[in-house]
Amino acid sequence: MNYAEVAVNSPGSRSTFCYAIPPGLNISAGQAVWVPFGSRVIQGIVLRLSDEPSVEETKEIAGIVTDFPLLSPIQIKLAQWISEHYFAPLFDALALMLPPGFERRAITCFQLTDSQVDLPLTPEQRQILHIMRREGKTSLAELEKAIGKRKAKQITDQLLDRQLIAKTLELEKAKIKPKTLPYIKLIADREEIEAEKARLDKSRAYKQAELLEFLTGQTQPISISELRKRLNSSLATIKALESRHLVSVERLRVRRDPLSHLSLTTSPAPILTSSQQTAWESIQDVIVKEARQSSSPPVFLLFGVTGSGKTEIYLRALAQVIAAGKRGICLIPEIALTQQTVERFADRFPGRVAVLHSGLSLGEQFDEWQWIVEGNCDVVIGPRSALFAPLANLGLIIIDEEHEWTYKQEDKSPRYHARDVAIELAQLSDAVVILGSATPDIGSFHKAQQGEYYLVELKERITPRGYSPLPEVSIVDLREELKAGNTSLFSRSLLAAMKETLAQGEQIILFLNRRGTATFVRCRNCGFVFRCPRCSIALTYHSAEKRLICHRCRYSVPAPQSCPRCSRRYLRFLGIGTQRVEEEIRHFFPEARLLRWDRDVITRRYAHEELLKNFRDHKADVLIGTQMIAKGLDLPQVTLAGIISADTGLNFPDFRSSERTFQLLCQVAGRAGRGVKAGKVIIQTYSPDNYIIEAAARHDYLGFYYKEIDYRRRYNYPPFSQLVRLVYSHTNEELCRCEAERVHRLILDERAREDMIDFNVIGPVPAFAFRARGRYRWQLFLRGPDSTRMLSRFTLPRGWTIDVDPVGMV
């Protein structure tokens, strides 16, 4: 093959570029290469090879980054699908699957040649040559620092033309390398060792004799650091034995194991309950390839109430896949759940579980990636990014808590949803997908109802007491509490339940999906509200830090004493957050031991694990948290769950707000009563008659689903249409609005031209957060049976972001 189609690491490019392959350079699809792109040389990934060029004029590949392919054919196809489906740059999609620390710049370097100076030189030329004689090989950046950017480029070009210097490209220093440690081992034979021991005893070299005796009993090399811990041997003692060729010291690669801090044990698989057995048999019958009725790999929706034993079904499915010579990926919605999940999976597959997530150090990520590539594990666990692990022979993908919105990447390109990408990956790999949830995504459950997914149900909760009903849920009308004169955050019934629970030595979780102490600060004299100068949102008061903080850009100022507009001191701190809940509990129950779990306290590595361990070990009585505590945690000593305000998410301008609220309420309620004792849940609300609150109190997913799906069918919202969100941002408010209106007109003209009566546009309107990090934002939504088809007809200028299948409208 003479030509290669390359995806280049350049912003916005969704197509490949054709490059000629220089003679003698062996190139394969999936390999990383250096290519000239404009005036730069940048990284690229070869996607395919061909005998003929796709364009008339081509440049040559400048060099190779790696000697071997980094991506498999399946990964290349998956990246192309992600790029096409989500309108993302092709290299962004490929980068999801590249090894950690891969991206490195090419550094332009110069060095002197053997050519003689034949013409006079300018002072700047002499300066450049002097630097190279002194330093040897010199980077362009160093020359620019010495004489200026423009001059450095001009003069190096002149010296290159006169062949006085040569130009080379080199990789910048690697961000991460394999970790190596010095290890020691015996290399002498038995006779030499015995003779040496006798000599050392005579010369009273007891430390050397002790070290030699210890190494005689070792079957593997031992690290020098470990050796010095055990024997307190000095480096001089080691060098003495090494100089007489009795031992050798060499550096060996060691794995930075992210699970090394865990105490993992193994135990036999439990006996399945009758409900689990029925569910497992229905999956087992289909998971074997010969038993499938469809040519496409199956997708199961495991719809099981909280605590029904879904994880055991995952483990059985993985065991069957591994027994068939394949491997599996298990996705979890939050890094915080990693330890809990790893403990269960490593218990069943000891030494064969890898973990991938952004909370690991770059070195740990690199080593885990290599560990997986080398075929040392059967199961990879992690949040959405773990889906792109380089796992060969993929046979199963599990997505636990599949309804969680964290499976959607919203903050950067590509804005993919892990569930949809997993199903496409399964299609390419001939793998099986299991989606698990007690409150499935409305779209997923609709597909199961339509027969696109296999629906498998687990209707009964399993606890140490055997089968157990779901916890009893009480709804408290906060309007009645106000009428009775109770202005506390806690209703009378919640306070009484908390008092009883603490008296019995049991645990409580309290949920409020807002951080801080007060959600905004207002002057009672002039009405001024403290807002972020870069974002269009109010600053939140955090009493622990005594600061006002923007939850979008982290701008902060000290808590004010007076109003900056009228200088009066009539400031009122309004709204509530988790810090305020913590303060109130300390007031009512000063003896109670408290833990708070939100983004403000999780600032260190392993902070999630430490907090959960402390709560599980009953070192705290009450856990206060945001949505972190609603994500599949197993806390067997919790018997009371209190929802401080069920109304925080009900009135968002988003058609999915009811679904998200229902899921949060049910998931929080599901944390109570999972142990020996039964649980109780109290929901506080100003809207006790809302169908969402009532359905959550009854644990009635089906009742909620049928009402919600009817609403979406009536107004043509997903899953009955496809939604695409377009957001334009600019530092100038007026230019931002004009650009949004211009694109809106283009879309309407195209709709009229094609007579697309089933397609409509919502907006343009200012985004919910109209200003973020100093940029104004306008948005519009495309809604129709195939909105991406309309979008493919336009090329949007820089400043637009495209979010296909967004999980929210705000």
# chains A, B, ... in the order shown; residues from 1 in each chain; ligands from 1
>>> residues_around(residues="Phe87 of chain A", least_positions_apart="6", cutoff="12 Å", atoms="only C-alpha atoms", output="VMD selection string")
chain A and resid 12 to 15 79 to 81 93 413 to 416 724 to 726 787 to 789 791 to 796 800 to 805
>>> write_last_selection(atoms="N, CA and C atoms", output="PDB file, in the first residue's frame")
ATOM      1  N   GLY A  12     -11.632  20.287  15.269  1.00  0.00           N
ATOM      2  CA  GLY A  12     -12.748  20.421  14.348  1.00  0.00           C
ATOM      3  C   GLY A  12     -12.766  19.491  13.156  1.00  0.00           C
ATOM      4  N   SER A  13     -11.694  18.757  12.898  1.00  0.00           N
ATOM      5  CA  SER A  13     -11.635  17.936  11.690  1.00  0.00           C
ATOM      6  C   SER A  13     -12.396  16.634  11.883  1.00  0.00           C
ATOM      7  N   ARG A  14     -13.405  16.397  11.025  1.00  0.00           N
ATOM      8  CA  ARG A  14     -14.205  15.170  11.104  1.00  0.00           C
ATOM      9  C   ARG A  14     -13.906  14.216   9.949  1.00  0.00           C
ATOM     10  N   SER A  15     -12.915  14.556   9.124  1.00  0.00           N
ATOM     11  CA  SER A  15     -12.571  13.695   7.994  1.00  0.00           C
ATOM     12  C   SER A  15     -11.092  13.327   8.078  1.00  0.00           C
ATOM     13  N   ALA A  79     -14.758   4.373  16.747  1.00  0.00           N
ATOM     14  CA  ALA A  79     -14.437   5.798  16.752  1.00  0.00           C
ATOM     15  C   ALA A  79     -15.098   6.511  15.572  1.00  0.00           C
ATOM     16  N   GLN A  80     -15.118   5.871  14.423  1.00  0.00           N
ATOM     17  CA  GLN A  80     -15.774   6.472  13.254  1.00  0.00           C
ATOM     18  C   GLN A  80     -17.274   6.625  13.503  1.00  0.00           C
ATOM     19  N   TRP A  81     -17.889   5.631  14.151  1.00  0.00           N
ATOM     20  CA  TRP A  81     -19.320   5.714  14.470  1.00  0.00           C
ATOM     21  C   TRP A  81     -19.577   6.857  15.448  1.00  0.00           C
ATOM     22  N   ALA A  93     -12.663  11.330  18.919  1.00  0.00           N
ATOM     23  CA  ALA A  93     -13.255  10.003  19.139  1.00  0.00           C
ATOM     24  C   ALA A  93     -12.174   8.941  19.280  1.00  0.00           C
ATOM     25  N   SER A 413     -15.961  17.387  23.883  1.00  0.00           N
ATOM     26  CA  SER A 413     -16.172  16.522  22.716  1.00  0.00           C
ATOM     27  C   SER A 413     -15.334  15.245  22.855  1.00  0.00           C
ATOM     28  N   PRO A 414     -15.883  14.127  22.418  1.00  0.00           N
ATOM     29  CA  PRO A 414     -17.228  13.895  21.877  1.00  0.00           C
ATOM     30  C   PRO A 414     -18.259  13.751  22.987  1.00  0.00           C
ATOM     31  N   ARG A 415     -19.435  14.311  22.784  1.00  0.00           N
ATOM     32  CA  ARG A 415     -20.506  14.267  23.787  1.00  0.00           C
ATOM     33  C   ARG A 415     -21.325  12.998  23.590  1.00  0.00           C
ATOM     34  N   TYR A 416     -20.720  11.884  23.988  1.00  0.00           N
ATOM     35  CA  TYR A 416     -21.314  10.570  23.749  1.00  0.00           C
ATOM     36  C   TYR A 416     -22.068  10.076  24.973  1.00  0.00           C
ATOM     37  N   VAL A 724     -31.559  17.239  19.282  1.00  0.00           N
ATOM     38  CA  VAL A 724     -30.183  17.727  19.153  1.00  0.00           C
ATOM     39  C   VAL A 724     -30.138  19.132  19.732  1.00  0.00           C
ATOM     40  N   ARG A 725     -29.188  19.370  20.616  1.00  0.00           N
ATOM     41  CA  ARG A 725     -29.036  20.683  21.246  1.00  0.00           C
ATOM     42  C   ARG A 725     -27.869  21.419  20.610  1.00  0.00           C
ATOM     43  N   LEU A 726     -28.113  22.633  20.148  1.00  0.00           N
ATOM     44  CA  LEU A 726     -27.077  23.495  19.578  1.00  0.00           C
ATOM     45  C   LEU A 726     -26.895  24.687  20.500  1.00  0.00           C
ATOM     46  N   SER A 787     -33.090  14.103  13.458  1.00  0.00           N
ATOM     47  CA  SER A 787     -32.598  15.486  13.506  1.00  0.00           C
ATOM     48  C   SER A 787     -31.179  15.618  12.983  1.00  0.00           C
ATOM     49  N   THR A 788     -30.377  14.563  13.109  1.00  0.00           N
ATOM     50  CA  THR A 788     -28.992  14.653  12.644  1.00  0.00           C
ATOM     51  C   THR A 788     -28.920  14.765  11.121  1.00  0.00           C
ATOM     52  N   ARG A 789     -29.950  14.264  10.432  1.00  0.00           N
ATOM     53  CA  ARG A 789     -29.959  14.372   8.967  1.00  0.00           C
ATOM     54  C   ARG A 789     -30.037  15.844   8.556  1.00  0.00           C
ATOM     55  N   LEU A 791     -29.002  18.343  10.453  1.00  0.00           N
ATOM     56  CA  LEU A 791     -27.775  18.970  10.899  1.00  0.00           C
ATOM     57  C   LEU A 791     -26.615  18.708   9.945  1.00  0.00           C
ATOM     58  N   SER A 792     -26.618  17.571   9.290  1.00  0.00           N
ATOM     59  CA  SER A 792     -25.523  17.209   8.389  1.00  0.00           C
ATOM     60  C   SER A 792     -25.463  18.108   7.155  1.00  0.00           C
ATOM     61  N   ARG A 793     -26.491  18.902   6.922  1.00  0.00           N
ATOM     62  CA  ARG A 793     -26.513  19.775   5.740  1.00  0.00           C
ATOM     63  C   ARG A 793     -25.835  21.113   5.992  1.00  0.00           C
ATOM     64  N   PHE A 794     -25.409  21.354   7.211  1.00  0.00           N
ATOM     65  CA  PHE A 794     -24.805  22.640   7.550  1.00  0.00           C
ATOM     66  C   PHE A 794     -23.396  22.446   8.094  1.00  0.00           C
ATOM     67  N   THR A 795     -22.579  23.474   7.904  1.00  0.00           N
ATOM     68  CA  THR A 795     -21.276  23.543   8.565  1.00  0.00           C
ATOM     69  C   THR A 795     -21.321  24.729   9.503  1.00  0.00           C
ATOM     70  N   LEU A 796     -21.351  24.441  10.798  1.00  0.00           N
ATOM     71  CA  LEU A 796     -21.473  25.504  11.780  1.00  0.00           C
ATOM     72  C   LEU A 796     -20.099  26.102  12.065  1.00  0.00           C
ATOM     73  N   TRP A 800     -19.880  27.064  18.100  1.00  0.00           N
ATOM     74  CA  TRP A 800     -21.054  26.213  18.293  1.00  0.00           C
ATOM     75  C   TRP A 800     -20.638  24.875  18.905  1.00  0.00           C
ATOM     76  N   THR A 801     -21.447  24.376  19.812  1.00  0.00           N
ATOM     77  CA  THR A 801     -21.287  23.007  20.294  1.00  0.00           C
ATOM     78  C   THR A 801     -22.546  22.235  19.934  1.00  0.00           C
ATOM     79  N   ILE A 802     -22.344  20.988  19.531  1.00  0.00           N
ATOM     80  CA  ILE A 802     -23.442  20.120  19.111  1.00  0.00           C
ATOM     81  C   ILE A 802     -23.563  18.987  20.116  1.00  0.00           C
ATOM     82  N   ASP A 803     -24.754  18.811  20.659  1.00  0.00           N
ATOM     83  CA  ASP A 803     -25.004  17.738  21.616  1.00  0.00           C
ATOM     84  C   ASP A 803     -26.155  16.890  21.084  1.00  0.00           C
ATOM     85  N   VAL A 804     -25.804  15.744  20.512  1.00  0.00           N
ATOM     86  CA  VAL A 804     -26.809  14.824  19.970  1.00  0.00           C
ATOM     87  C   VAL A 804     -27.346  13.966  21.125  1.00  0.00           C
ATOM     88  N   ASP A 805     -28.652  13.813  21.192  1.00  0.00           N
ATOM     89  CA  ASP A 805     -29.322  13.067  22.266  1.00  0.00           C
ATOM     90  C   ASP A 805     -28.926  13.608  23.635  1.00  0.00           C
TER      91      ASP A 805
END
>>> select_by_dssp(residues="segment 131-169 of chain A", states="alpha helix (DSSP H)", output="NGL selection string")
:A and (131-135 or 140-147 or 149-161)
>>> residues_around(residues="segment 675-685 of chain A", least_positions_apart="6", cutoff="7 Å", atoms="only C-alpha atoms", output="compact mmCIF listing (two decimals) with C-alpha atoms, in the first residue's frame")
# COMPACT_ATOMS: atom_id res chain seq x y z
CA THR A 463 -31.81 -8.93 52.75
CA PRO A 464 -30.23 -10.99 55.55
CA ARG A 465 -33.84 -11.56 56.68
CA PRO A 471 -39.14 0.30 52.93
CA GLU A 472 -42.28 2.08 54.04
CA VAL A 473 -42.44 5.63 52.67
CA SER A 474 -44.22 8.57 54.35
CA ILE A 475 -44.92 11.89 52.64
CA VAL A 476 -44.79 15.02 54.79
CA ASP A 477 -46.61 18.15 53.57
CA LEU A 478 -44.30 21.04 54.47
CA LEU A 494 -38.65 13.31 60.54
CA PRO A 636 -26.88 -2.39 55.58
CA GLN A 637 -27.07 -0.47 58.88
CA THR A 639 -32.79 2.09 58.61
CA LEU A 640 -33.96 5.67 57.98
CA ALA A 641 -33.69 7.73 54.80
CA GLY A 642 -34.86 11.32 54.90
CA ILE A 643 -35.37 13.46 51.80
CA ILE A 644 -35.11 17.08 52.99
CA SER A 645 -36.80 18.57 49.93
CA ALA A 646 -38.25 16.56 47.07
CA ASP A 647 -39.09 19.74 45.14
CA ALA A 669 -35.41 5.39 49.37
>>> closest_atom_pairs(of="segment 348-400 of chain A", to="segment 100-115 of chain A", cutoff="12 Å", atoms="only C-alpha atoms", output="Markdown table")
| residue | atom | partner | partner_atom | distance |
| --- | --- | --- | --- | --- |
| A:Leu356 | CA | A:Pro100 | CA | 10.4 |
| A:His357 | CA | A:Pro100 | CA | 10.7 |
| A:Ser358 | CA | A:Pro100 | CA | 10.1 |
| A:Leu360 | CA | A:Pro100 | CA | 10.9 |
| A:Ser361 | CA | A:Pro100 | CA | 10.0 |
| A:Leu362 | CA | A:Pro100 | CA | 6.7 |
| A:Gly363 | CA | A:Pro100 | CA | 8.3 |
| A:Glu364 | CA | A:Pro100 | CA | 9.3 |
| A:Gln365 | CA | A:Pro100 | CA | 6.2 |
| A:Phe366 | CA | A:Pro100 | CA | 5.3 |
| A:Asp367 | CA | A:Pro100 | CA | 9.0 |
| A:Glu368 | CA | A:Pro100 | CA | 9.5 |
| A:Trp369 | CA | A:Pro100 | CA | 7.6 |
| A:Gln370 | CA | A:Pro100 | CA | 9.8 |
| A:Ser385 | CA | A:Pro100 | CA | 11.5 |
| A:Phe388 | CA | A:Pro100 | CA | 11.6 |
| A:Ala389 | CA | A:Pro100 | CA | 10.8 |
| A:Pro390 | CA | A:Pro100 | CA | 11.6 |
>>> write_last_selection(atoms="C-alpha atoms", output="PDB file, in the first residue's frame")
ATOM      1  CA  LEU A 356      -9.773   2.440  34.884  1.00  0.00           C
ATOM      2  CA  HIS A 357     -10.933   5.913  35.857  1.00  0.00           C
ATOM      3  CA  SER A 358      -9.704   9.507  36.000  1.00  0.00           C
ATOM      4  CA  LEU A 360      -6.096   7.162  39.265  1.00  0.00           C
ATOM      5  CA  SER A 361      -2.679   8.726  38.840  1.00  0.00           C
ATOM      6  CA  LEU A 362      -1.410   8.908  35.267  1.00  0.00           C
ATOM      7  CA  GLY A 363       1.102   6.182  36.127  1.00  0.00           C
ATOM      8  CA  GLU A 364      -1.622   3.878  37.448  1.00  0.00           C
ATOM      9  CA  GLN A 365      -3.754   4.512  34.361  1.00  0.00           C
ATOM     10  CA  PHE A 366      -0.772   3.718  32.133  1.00  0.00           C
ATOM     11  CA  ASP A 367       0.009   0.474  33.979  1.00  0.00           C
ATOM     12  CA  GLU A 368      -3.633  -0.652  34.007  1.00  0.00           C
ATOM     13  CA  TRP A 369      -3.847   0.003  30.254  1.00  0.00           C
ATOM     14  CA  GLN A 370      -0.704  -2.105  29.692  1.00  0.00           C
ATOM     15  CA  SER A 385     -14.248   5.885  30.111  1.00  0.00           C
ATOM     16  CA  PHE A 388     -12.749   2.081  25.803  1.00  0.00           C
ATOM     17  CA  ALA A 389     -10.342  -0.269  27.580  1.00  0.00           C
ATOM     18  CA  PRO A 390      -8.173  -2.253  25.111  1.00  0.00           C
TER      19      PRO A 390
END
>>> atom_distance(atom1="atom CA of Ile629 of chain A", atom2="atom CA of Trp280 of chain A")
28.3 Å
>>> residues_around(residues="Asp430 of chain A", least_positions_apart="4", cutoff="10 Å", atoms="only C-alpha atoms", output="list in words")
Lys289, Ser295, Ser296, Pro297, Pro298, Asn393, Leu394, Gly395, Leu396, Glu424, Leu425 and Ala426 of chain A
>>> atom_distance(atom1="atom CA of Ile398 of chain A", atom2="atom CA of Trp597 of chain A")
26.7 Å
>>> residues_around(residues="Phe652 of chain A", least_positions_apart="3", cutoff="12 Å", atoms="only C-alpha atoms", output="PyMOL selection string")
chain A and resi 647-649+655-661+768+808-810
>>> residues_around(residues="Leu611 of chain A", least_positions_apart="5", cutoff="9 Å", atoms="only C-alpha atoms", output="PyMOL selection string")
chain A and resi 595-597+602+606+616
>>> closest_residue(among="A:Leu337, A:Leu723, A:Ile747, A:Ile76", to="Pro785 of chain A", atoms="only C-alpha atoms")
A:Leu723
>>> residues_around(residues="Pro270 of chain A", least_positions_apart="6", cutoff="12 Å", atoms="only C-alpha atoms", output="PyMOL selection string")
chain A and resi 276-277+309+311-313+315-316+344+347-348
>>> closest_residue(among="A:His699, A:Lys459, A:His85, A:Arg565", to="Phe303 of chain A", atoms="only C-alpha atoms")
A:Lys459
>>> atom_distance(atom1="atom CA of Ala438 of chain A", atom2="atom CA of Phe662 of chain A")
11.2 Å
>>> closest_residue(among="A:Ser243, A:Ser721, A:Gln779, A:Ser444", to="Ala740 of chain A", atoms="only C-alpha atoms")
A:Gln779
